[in-house]
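Structure, as structure tokens:
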Amino acid sequence: MEFVQTHIDNRIGYITLNRPEKRNALNFQFVSELKESFKAFSADDKVKVIVLKAEGGVFCAGADLDYLQQLQNNTYEENLADSTHLMELYKLIYTLDKVVIAQVNGHALAGGCGLVSVCDFAFSVPEASFGYTESRIGFIPAIVMTFLVRKIGESNARQMLLSGNVIKSQDALNFGIIHSIVDSDDSELAETVKEFAEHLIIHNSSMSMKLTKEMLFKIQDLPMDKALEYAAQMNAQARNSEDCKRGIASFLNKENIKW
């Protein structure tokens with residue numbers, strides 16, 4: 001692949017945005033390579049947790065503006081197909097059956113901030129900035145909005161999406177876009193993310209994380225009674241799983257289980 005690098009290390013699948021000369025800006029091919037990479041790691045039993053990171057000083061600047069300019073000559077149908085292609089990437093990450101951690105080494109703007117928002121966890125350096133700046137160029141953050149409102153609530157989402165302002169990492173932490181600021185350099189960020197990923201790998205069941213992610217995606221759109229009915233069904237399903245049986249037996253026998 002031209003714009004994405006992947007490798008596996010100790011059950012962590014690394015997906016690296018590798019278009020630093022363009023600030024890792026997204027175009028059709030870049031999105032295609034990311035989709036292919038996430039699908040491959042989802043199907044790979046050697047991977048339990050995925051880390052999304054970037055080369056260069058910027059995590060992702062959003063859509064490639066040269067590419068957007070080219071799309072202005074497209075028909076509505078052609079633009080809809082391209083938008084659907086991008087939507088499928090965000091939905092894929094958000095609903096993936098494995099935990100995805102964003103390792104944010106620099107600015108994450110527009111669609112790049114969207115990438116961070118659809119990850120399950122996000123760790124950032126202090127100097128990184130975050131924002132949805134689409135309104136400044138007469139565009140709209142249409143696709144990422146769907147996920148952002150779920151993640152940080154309507155009030156915070158309105159503040160970010162309508163203002164177009166860029167916020168610092170501490171504000172992104174307060175809003176809930178990121179989960180931790182690593183007050184050091186890129187190497188310390190990488191080590192912190194690796195340690196957190198290894199913690200999930202060692203201590204958590206893959207099945208438990210998969211079903212929890214599935215429920216988080218589905219349960220928010222259900223009426224309360226339907227949500228509780230669905231929760232009871234998933235609870236019963238989990239009780240009969242091999243992972244649950246192993247986990248309870250290990251706990252009762254005071255044994256350390258290796259997941």
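A note on labels: chains of the structure tokens are A, B, ... as shown, every chain counts residues from 1, and ligands are counted from 1 in their shown order.
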Check stretch 37-216 of chain A with DSSP on the backbone and list each residue it calls alpha helix (DSSP H), as a PyMOL selection string. chain A and resi 37-43+65-71+76-95+111-118+142-152+154-163+169-175+186-203+206-216
A:Trp259: which residues within 12 Å, counting only C-alpha atoms, same-chain residues fewer than 4 positions away excluded, as a count of residues only? 20
Of A:Ser37, A:Asn18, A:Gln70, A:Ser83, the one sitting nearest A:Pro141 when using only C-alpha atoms is A:Ser83
Near A:Lys213, within 9 Å and counting only C-alpha atoms, which residues show up once chain neighbours fewer than 6 positions away are dropped, as a short mmCIF file (atom, residue, chain, number, x, y, z; two decimals) with all heavy atoms, in the first residue's frame?
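Contents of around22.cif, freshly written:
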```cif
data_model
loop_
_atom_site.label_atom_id
_atom_site.label_comp_id
_atom_site.auth_asym_id
_atom_site.auth_seq_id
_atom_site.Cartn_x
_atom_site.Cartn_y
_atom_site.Cartn_z
N TYR A 94 -15.63 2.46 14.06
CA TYR A 94 -16.52 2.63 15.21
C TYR A 94 -17.13 1.30 15.65
O TYR A 94 -17.32 1.05 16.84
CB TYR A 94 -17.61 3.63 14.85
CG TYR A 94 -18.48 4.07 16.00
CD1 TYR A 94 -18.04 5.05 16.89
CD2 TYR A 94 -19.75 3.53 16.19
CE1 TYR A 94 -18.84 5.47 17.94
CE2 TYR A 94 -20.55 3.95 17.24
CZ TYR A 94 -20.10 4.92 18.11
OH TYR A 94 -20.88 5.32 19.16
N THR A 95 -17.44 0.44 14.67
CA THR A 95 -18.13 -0.82 14.98
C THR A 95 -17.21 -2.03 14.92
O THR A 95 -17.68 -3.16 15.08
CB THR A 95 -19.30 -1.06 14.00
OG1 THR A 95 -18.78 -1.16 12.66
CG2 THR A 95 -20.30 0.09 14.07
N LEU A 96 -15.94 -1.83 14.72
CA LEU A 96 -15.01 -2.96 14.57
C LEU A 96 -15.07 -3.87 15.79
O LEU A 96 -15.27 -3.41 16.92
CB LEU A 96 -13.58 -2.43 14.39
CG LEU A 96 -12.61 -3.40 13.70
CD1 LEU A 96 -12.89 -3.48 12.21
CD2 LEU A 96 -11.17 -2.99 13.94
N ASP A 97 -14.87 -5.15 15.57
CA ASP A 97 -14.98 -6.12 16.67
C ASP A 97 -13.74 -6.18 17.55
O ASP A 97 -13.64 -7.03 18.43
CB ASP A 97 -15.31 -7.52 16.12
CG ASP A 97 -14.28 -8.01 15.12
OD1 ASP A 97 -13.33 -7.26 14.80
OD2 ASP A 97 -14.42 -9.16 14.65
N LYS A 98 -12.80 -5.27 17.32
CA LYS A 98 -11.60 -5.17 18.17
C LYS A 98 -11.42 -3.72 18.62
O LYS A 98 -11.80 -2.79 17.91
CB LYS A 98 -10.37 -5.67 17.42
CG LYS A 98 -10.46 -7.16 17.08
CD LYS A 98 -9.28 -7.67 16.29
CE LYS A 98 -9.48 -9.16 15.98
NZ LYS A 98 -8.39 -9.73 15.16
N VAL A 99 -10.82 -3.55 19.78
CA VAL A 99 -10.58 -2.21 20.32
C VAL A 99 -9.56 -1.47 19.45
O VAL A 99 -8.54 -2.03 19.05
CB VAL A 99 -10.07 -2.30 21.77
CG1 VAL A 99 -9.55 -0.95 22.25
CG2 VAL A 99 -11.20 -2.79 22.68
N ASP A 120 -11.92 3.87 19.99
CA ASP A 120 -12.41 3.57 21.33
C ASP A 120 -11.66 4.35 22.40
O ASP A 120 -12.24 4.74 23.42
CB ASP A 120 -12.29 2.07 21.60
CG ASP A 120 -13.09 1.26 20.61
OD1 ASP A 120 -14.32 1.41 20.57
OD2 ASP A 120 -12.48 0.48 19.85
#
```
Can you build me a table of stretch 64-137 of chain A residues sitting at most 10 Å from stretch 170-189 of chain A, with the closest atom pair per residue and its distance in Å to one decimal, using only C-alpha atoms, sorted by chain and residue number, as JSON lines?
```
{"residue": "A:Ala102", "atom": "CA", "partner": "A:Ile178", "partner_atom": "CA", "distance": 8.6}
{"residue": "A:Gln103", "atom": "CA", "partner": "A:Leu189", "partner_atom": "CA", "distance": 7.3}
{"residue": "A:Val104", "atom": "CA", "partner": "A:Leu189", "partner_atom": "CA", "distance": 8.3}
{"residue": "A:Asn105", "atom": "CA", "partner": "A:Asp186", "partner_atom": "CA", "distance": 6.3}
{"residue": "A:Gly106", "atom": "CA", "partner": "A:Asp186", "partner_atom": "CA", "distance": 9.3}
{"residue": "A:Cys113", "atom": "CA", "partner": "A:Ile177", "partner_atom": "CA", "distance": 8.6}
{"residue": "A:Gly114", "atom": "CA", "partner": "A:Ile177", "partner_atom": "CA", "distance": 9.4}
{"residue": "A:Val116", "atom": "CA", "partner": "A:Ile177", "partner_atom": "CA", "distance": 7.2}
{"residue": "A:Ser117", "atom": "CA", "partner": "A:Ile177", "partner_atom": "CA", "distance": 5.8}
{"residue": "A:Val118", "atom": "CA", "partner": "A:Ile177", "partner_atom": "CA", "distance": 9.1}
{"residue": "A:Cys119", "atom": "CA", "partner": "A:Ile178", "partner_atom": "CA", "distance": 9.3}
{"residue": "A:Asp120", "atom": "CA", "partner": "A:Ile178", "partner_atom": "CA", "distance": 9.3}
{"residue": "A:Phe121", "atom": "CA", "partner": "A:His179", "partner_atom": "CA", "distance": 6.2}
{"residue": "A:Ala122", "atom": "CA", "partner": "A:Ile178", "partner_atom": "CA", "distance": 4.7}
{"residue": "A:Phe123", "atom": "CA", "partner": "A:Ser180", "partner_atom": "CA", "distance": 4.9}
{"residue": "A:Ser124", "atom": "CA", "partner": "A:Ile181", "partner_atom": "CA", "distance": 4.9}
{"residue": "A:Val125", "atom": "CA", "partner": "A:Val182", "partner_atom": "CA", "distance": 5.3}
{"residue": "A:Pro126", "atom": "CA", "partner": "A:Asp183", "partner_atom": "CA", "distance": 5.9}
{"residue": "A:Glu127", "atom": "CA", "partner": "A:Asp183", "partner_atom": "CA", "distance": 9.1}
{"residue": "A:Ala128", "atom": "CA", "partner": "A:Gln170", "partner_atom": "CA", "distance": 9.4}
{"residue": "A:Ser129", "atom": "CA", "partner": "A:Ala172", "partner_atom": "CA", "distance": 8.2}
{"residue": "A:Phe130", "atom": "CA", "partner": "A:Ala172", "partner_atom": "CA", "distance": 6.8}
{"residue": "A:Gly131", "atom": "CA", "partner": "A:Ala172", "partner_atom": "CA", "distance": 8.9}
```
File dump, residues just selected, all heavy atoms, as a short mmCIF file (atom, residue, chain, number, x, y, z; two decimals), in the first residue's frame:
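Contents of out.cif, as written:
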```
data_model
loop_
_atom_site.label_atom_id
_atom_site.label_comp_id
_atom_site.auth_asym_id
_atom_site.auth_seq_id
_atom_site.Cartn_x
_atom_site.Cartn_y
_atom_site.Cartn_z
N ALA A 102 -6.32 5.40 19.25
CA ALA A 102 -5.67 6.44 18.46
C ALA A 102 -4.44 6.96 19.21
O ALA A 102 -4.54 7.32 20.38
CB ALA A 102 -6.63 7.59 18.18
N GLN A 103 -3.32 6.97 18.53
CA GLN A 103 -2.07 7.50 19.08
C GLN A 103 -1.80 8.82 18.36
O GLN A 103 -1.23 8.86 17.28
CB GLN A 103 -0.94 6.50 18.85
CG GLN A 103 0.42 6.94 19.37
CD GLN A 103 1.47 5.87 19.16
OE1 GLN A 103 1.27 4.71 19.51
NE2 GLN A 103 2.61 6.23 18.58
N VAL A 104 -2.24 9.93 18.97
CA VAL A 104 -2.29 11.22 18.29
C VAL A 104 -1.01 12.01 18.56
O VAL A 104 -0.83 12.60 19.62
CB VAL A 104 -3.53 12.02 18.72
CG1 VAL A 104 -3.67 13.28 17.88
CG2 VAL A 104 -4.78 11.17 18.60
N ASN A 105 -0.14 12.05 17.57
CA ASN A 105 1.17 12.69 17.71
C ASN A 105 1.18 14.14 17.27
O ASN A 105 2.21 14.83 17.38
CB ASN A 105 2.21 11.92 16.89
CG ASN A 105 1.89 11.96 15.41
OD1 ASN A 105 0.75 11.73 15.01
ND2 ASN A 105 2.88 12.25 14.59
N GLY A 106 0.06 14.62 16.72
CA GLY A 106 0.01 16.00 16.22
C GLY A 106 -1.42 16.39 15.91
O GLY A 106 -2.37 15.71 16.31
N CYS A 113 -9.88 14.69 12.87
CA CYS A 113 -10.49 14.68 14.19
C CYS A 113 -11.59 13.63 14.24
O CYS A 113 -11.80 12.97 15.27
CB CYS A 113 -11.06 16.07 14.52
SG CYS A 113 -11.52 16.31 16.24
N GLY A 114 -12.25 13.44 13.10
CA GLY A 114 -13.25 12.38 13.00
C GLY A 114 -12.65 11.01 13.21
O GLY A 114 -13.24 10.16 13.88
N VAL A 116 -10.10 10.28 15.06
CA VAL A 116 -9.87 10.14 16.50
C VAL A 116 -11.18 9.86 17.22
O VAL A 116 -11.25 9.02 18.12
CB VAL A 116 -9.21 11.41 17.06
CG1 VAL A 116 -9.06 11.32 18.58
CG2 VAL A 116 -7.85 11.65 16.41
N SER A 117 -12.24 10.54 16.80
CA SER A 117 -13.53 10.44 17.49
C SER A 117 -14.15 9.05 17.39
O SER A 117 -14.89 8.64 18.28
CB SER A 117 -14.51 11.47 16.93
OG SER A 117 -14.05 12.79 17.15
N VAL A 118 -13.87 8.32 16.31
CA VAL A 118 -14.48 6.99 16.15
C VAL A 118 -13.64 5.88 16.79
O VAL A 118 -14.08 4.73 16.84
CB VAL A 118 -14.76 6.65 14.67
CG1 VAL A 118 -15.80 7.58 14.11
CG2 VAL A 118 -13.48 6.67 13.83
N CYS A 119 -12.46 6.21 17.28
CA CYS A 119 -11.65 5.21 17.99
C CYS A 119 -12.20 5.02 19.41
O CYS A 119 -12.84 5.91 19.97
CB CYS A 119 -10.19 5.64 18.05
SG CYS A 119 -9.36 5.60 16.44
N ASP A 120 -11.92 3.87 19.99
CA ASP A 120 -12.41 3.57 21.33
C ASP A 120 -11.66 4.35 22.40
O ASP A 120 -12.24 4.74 23.42
CB ASP A 120 -12.29 2.07 21.60
CG ASP A 120 -13.09 1.26 20.61
OD1 ASP A 120 -14.32 1.41 20.57
OD2 ASP A 120 -12.48 0.48 19.85
N PHE A 121 -10.38 4.54 22.20
CA PHE A 121 -9.54 5.31 23.12
C PHE A 121 -8.63 6.21 22.29
O PHE A 121 -8.33 5.91 21.13
CB PHE A 121 -8.66 4.39 23.99
CG PHE A 121 -9.42 3.43 24.86
CD1 PHE A 121 -9.67 2.13 24.43
CD2 PHE A 121 -9.90 3.82 26.10
CE1 PHE A 121 -10.37 1.24 25.22
CE2 PHE A 121 -10.61 2.93 26.90
CZ PHE A 121 -10.84 1.64 26.46
N ALA A 122 -8.20 7.32 22.89
CA ALA A 122 -7.29 8.22 22.19
C ALA A 122 -6.31 8.83 23.19
O ALA A 122 -6.71 9.38 24.22
CB ALA A 122 -8.06 9.32 21.47
N PHE A 123 -5.03 8.72 22.88
CA PHE A 123 -3.95 9.30 23.67
C PHE A 123 -3.27 10.36 22.81
O PHE A 123 -3.00 10.12 21.64
CB PHE A 123 -2.94 8.23 24.08
CG PHE A 123 -3.47 7.20 25.04
CD1 PHE A 123 -4.33 6.20 24.61
CD2 PHE A 123 -3.10 7.22 26.38
CE1 PHE A 123 -4.82 5.24 25.48
CE2 PHE A 123 -3.59 6.27 27.27
CZ PHE A 123 -4.45 5.28 26.81
N SER A 124 -2.96 11.51 23.41
CA SER A 124 -2.45 12.63 22.62
C SER A 124 -1.26 13.30 23.29
O SER A 124 -1.15 13.31 24.53
CB SER A 124 -3.56 13.66 22.41
OG SER A 124 -3.08 14.83 21.80
N VAL A 125 -0.42 13.89 22.47
CA VAL A 125 0.63 14.77 22.99
C VAL A 125 -0.02 16.12 23.35
O VAL A 125 -1.07 16.47 22.80
CB VAL A 125 1.74 14.99 21.95
CG1 VAL A 125 2.51 13.69 21.72
CG2 VAL A 125 1.20 15.53 20.64
N PRO A 126 0.58 16.89 24.27
CA PRO A 126 -0.05 18.14 24.73
C PRO A 126 -0.23 19.18 23.63
O PRO A 126 -1.21 19.94 23.65
CB PRO A 126 0.92 18.65 25.80
CG PRO A 126 1.72 17.47 26.21
CD PRO A 126 1.83 16.60 25.00
N GLU A 127 0.67 19.23 22.66
CA GLU A 127 0.63 20.30 21.66
C GLU A 127 -0.33 20.03 20.51
O GLU A 127 -0.52 20.89 19.63
CB GLU A 127 2.03 20.54 21.09
CG GLU A 127 2.67 19.35 20.41
CD GLU A 127 3.47 18.47 21.36
OE1 GLU A 127 3.24 18.54 22.59
OE2 GLU A 127 4.34 17.72 20.88
N ALA A 128 -0.97 18.89 20.47
CA ALA A 128 -1.91 18.58 19.39
C ALA A 128 -3.16 19.45 19.49
O ALA A 128 -3.62 19.77 20.58
CB ALA A 128 -2.30 17.11 19.44
N SER A 129 -3.68 19.83 18.34
CA SER A 129 -4.93 20.59 18.28
C SER A 129 -6.00 19.75 17.59
O SER A 129 -5.70 18.87 16.78
CB SER A 129 -4.73 21.89 17.49
OG SER A 129 -3.84 22.75 18.17
N PHE A 130 -7.26 20.04 17.93
CA PHE A 130 -8.38 19.27 17.41
C PHE A 130 -9.46 20.24 16.95
O PHE A 130 -9.68 21.28 17.58
CB PHE A 130 -8.94 18.35 18.49
CG PHE A 130 -7.94 17.36 19.03
CD1 PHE A 130 -7.03 17.75 20.02
CD2 PHE A 130 -7.89 16.06 18.56
CE1 PHE A 130 -6.09 16.85 20.51
CE2 PHE A 130 -6.96 15.15 19.05
CZ PHE A 130 -6.06 15.55 20.03
N GLY A 131 -10.16 19.90 15.89
CA GLY A 131 -11.23 20.78 15.46
C GLY A 131 -11.90 20.31 14.19
O GLY A 131 -11.35 19.53 13.42
#
```
